[in-house]
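A short write-up of the structure that comes next.
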Amino acid sequence: MINPYLDYKPFPKDGSPDDYLDRKITLTGRISNVIWQHMLRGPGDKPYIQDCYIDPDEDYKFLNQLVGYNIGTFPFDWDLYGPEHLRFYGSFGVVTGSSKRPGSKVDETYSEVYFDIVDLEMLPE
């Protein structure tokens, strides 16, 4: 069987997500159990099955926790993957919007990177 992910390249540890938008990449990390506040895509955006929060490995220089959207063809059992070290296959995207923080300027726009997940695999510890 041919590996369908041969054209996915590892995201460089010193790479900026903005330079890799919509490119097929892999990144490694874990599904987070501590959720930061993030902007989420709206219902009119690309359809997805479910979302999660990804804590990328600490050696990524410019990458912090991000929202991951499962755009694969089947639901992942996030509880199964809990503390496991994972390789995520997918691509970065950007969501933009205004802040909901009290006192912020209404006309100020913010953007945040997310990750569309097409598949994942558990890695050995």
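Ligands are numbered from 1 in the order shown, residues from 1 within each chain, and chains are lettered A, B, ... in the order they appear in the structure tokens.
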Polymer residues at most 12 Å from Val113 of chain A, only C-alpha atoms, same-chain spacing of 5 or more positions, as a VMD selection string: chain A and resid 16 to 22 38 to 41 54 62 to 69 91 to 97
Please dump the current selection as a PDB file, in the first residue's frame; keep C-alpha atoms.
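Final output, selection_16.pdb:
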ATOM      1  CA  SER A  16       6.902  30.458  11.258  1.00  0.00           C
ATOM      2  CA  PRO A  17       3.379  29.124  10.646  1.00  0.00           C
ATOM      3  CA  ASP A  18       2.636  32.190   8.486  1.00  0.00           C
ATOM      4  CA  ASP A  19       5.225  30.948   5.969  1.00  0.00           C
ATOM      5  CA  TYR A  20       3.509  27.538   5.737  1.00  0.00           C
ATOM      6  CA  LEU A  21      -0.184  28.386   5.380  1.00  0.00           C
ATOM      7  CA  ASP A  22      -2.146  25.809   3.363  1.00  0.00           C
ATOM      8  CA  HIS A  38      -8.480  30.924  21.337  1.00  0.00           C
ATOM      9  CA  MET A  39     -10.469  32.264  18.433  1.00  0.00           C
ATOM     10  CA  LEU A  40     -12.486  29.531  16.751  1.00  0.00           C
ATOM     11  CA  ARG A  41     -13.575  29.167  13.164  1.00  0.00           C
ATOM     12  CA  ILE A  54      -2.679  20.917  20.387  1.00  0.00           C
ATOM     13  CA  PHE A  62       7.540  30.104  17.087  1.00  0.00           C
ATOM     14  CA  LEU A  63       4.658  27.773  17.827  1.00  0.00           C
ATOM     15  CA  ASN A  64       2.435  27.712  20.917  1.00  0.00           C
ATOM     16  CA  GLN A  65      -0.821  25.947  21.672  1.00  0.00           C
ATOM     17  CA  LEU A  66      -3.221  26.027  18.744  1.00  0.00           C
ATOM     18  CA  VAL A  67      -6.666  24.778  17.874  1.00  0.00           C
ATOM     19  CA  GLY A  68      -6.724  21.653  15.734  1.00  0.00           C
ATOM     20  CA  TYR A  69      -9.716  20.831  13.556  1.00  0.00           C
ATOM     21  CA  SER A  91      -2.045  22.300   7.210  1.00  0.00           C
ATOM     22  CA  PHE A  92      -2.067  25.678   8.947  1.00  0.00           C
ATOM     23  CA  GLY A  93      -4.821  28.214   8.364  1.00  0.00           C
ATOM     24  CA  VAL A  94      -5.669  31.601   9.849  1.00  0.00           C
ATOM     25  CA  VAL A  95      -8.861  32.817  11.484  1.00  0.00           C
ATOM     26  CA  THR A  96      -9.451  36.554  11.987  1.00  0.00           C
ATOM     27  CA  GLY A  97     -11.900  38.461  14.126  1.00  0.00           C
TER      28      GLY A  97
END
Can you tell me, as a list of chain:residue names, what residues are no more than 7 Å from Leu86 of chain A when counting only C-alpha atoms, ignoring any on the same chain fewer than 3 positions away?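 Listed by chain and then number, they are A:Thr28, A:Gly29, A:Arg30, A:Leu120, A:Glu121, A:Met122, A:Leu123.
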Would you write out those residues with C-alpha atoms, as a PDB file, in the first residue's frame?
ATOM      1  CA  THR A  28       4.531  16.707  16.621  1.00  0.00           C
ATOM      2  CA  GLY A  29       3.003  17.314  20.013  1.00  0.00           C
ATOM      3  CA  ARG A  30       0.183  16.247  22.294  1.00  0.00           C
ATOM      4  CA  LEU A 120      -2.514  11.556  13.190  1.00  0.00           C
ATOM      5  CA  GLU A 121      -0.351   8.763  14.488  1.00  0.00           C
ATOM      6  CA  MET A 122       0.993   7.817  17.895  1.00  0.00           C
ATOM      7  CA  LEU A 123       4.759   8.058  18.243  1.00  0.00           C
TER       8      LEU A 123
END
If you run DSSP on the backbone, which residues of chain A are strand (DSSP E or B), as number ranges by chain? A: 9-10, 21, 25-31, 50-56, 66-70, 86-98, 109-122
Using only C-alpha atoms, which residue out of A:Pro10, A:Tyr60, A:Gln50, A:Ser32 lies closest to Arg87 of chain A?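 Looking at the shortest contact to Arg87 of chain A, the residue is A:Pro10.
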Using only C-alpha atoms, the best pick from A:Tyr5, A:Gly90, A:Ile25, A:Phe115 as closest to Cys52 of chain A would be A:Phe115
Could you work out how far atom CA of Tyr8 of chain A lies from atom CA of Asn70 of chain A, giving the answer in Å with one decimal?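 According to the coordinates, atom CA of Asn70 of chain A and atom CA of Tyr8 of chain A are separated by 16.4 Å.
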Write down as a PDB file with N, CA and C atoms, in the first residue's frame the residues belonging to chain A that are assigned alpha helix (DSSP H) by DSSP computed on the backbone.
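And here is the file that came out, selection-v4.pdb:
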ATOM      1  N   TRP A  78     -10.501  11.462  20.860  1.00  0.00           N
ATOM      2  CA  TRP A  78      -9.494  12.287  21.538  1.00  0.00           C
ATOM      3  C   TRP A  78      -9.141  11.715  22.901  1.00  0.00           C
ATOM      4  N   ASP A  79     -10.080  11.101  23.591  1.00  0.00           N
ATOM      5  CA  ASP A  79      -9.783  10.534  24.906  1.00  0.00           C
ATOM      6  C   ASP A  79      -8.740   9.425  24.800  1.00  0.00           C
ATOM      7  N   LEU A  80      -8.766   8.691  23.705  1.00  0.00           N
ATOM      8  CA  LEU A  80      -7.799   7.620  23.485  1.00  0.00           C
ATOM      9  C   LEU A  80      -6.376   8.165  23.371  1.00  0.00           C
ATOM     10  N   TYR A  81      -6.231   9.347  22.763  1.00  0.00           N
ATOM     11  CA  TYR A  81      -4.901   9.889  22.495  1.00  0.00           C
ATOM     12  C   TYR A  81      -4.359  10.727  23.641  1.00  0.00           C
TER      13      TYR A  81
END
For Tyr89 of chain A, which of A:Asn33, A:Thr26, A:Thr73, A:Thr109 is the closest residue, counting only C-alpha atoms?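 Among A:Asn33, A:Thr26, A:Thr73, A:Thr109, it is A:Thr26 that comes nearest to Tyr89 of chain A.
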Let me make sure I understand: among A:Tyr110, A:Phe76, A:Phe11, A:Phe88, which one has the smallest atom-to-atom distance to Tyr48 of chain A if we use only C-alpha atoms?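 Nearest candidate to Tyr48 of chain A out of A:Tyr110, A:Phe76, A:Phe11, A:Phe88: A:Phe76.
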Have a look at atom CA of Leu6 of chain A and atom CA of Lys24 of chain A and let me know their distance in Å, one decimal. 9.8 Å
Which one is closest to Asp116 of chain A: A:Asp14, A:Asp59, A:Asp77, A:Asp51? Count only C-alpha atoms. A:Asp51
What is the distance, in Å and to one decimal place, between atom CA of Glu84 of chain A and atom CA of Asp119 of chain A?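 Between atom CA of Glu84 of chain A and atom CA of Asp119 of chain A the gap is 14.7 Å.
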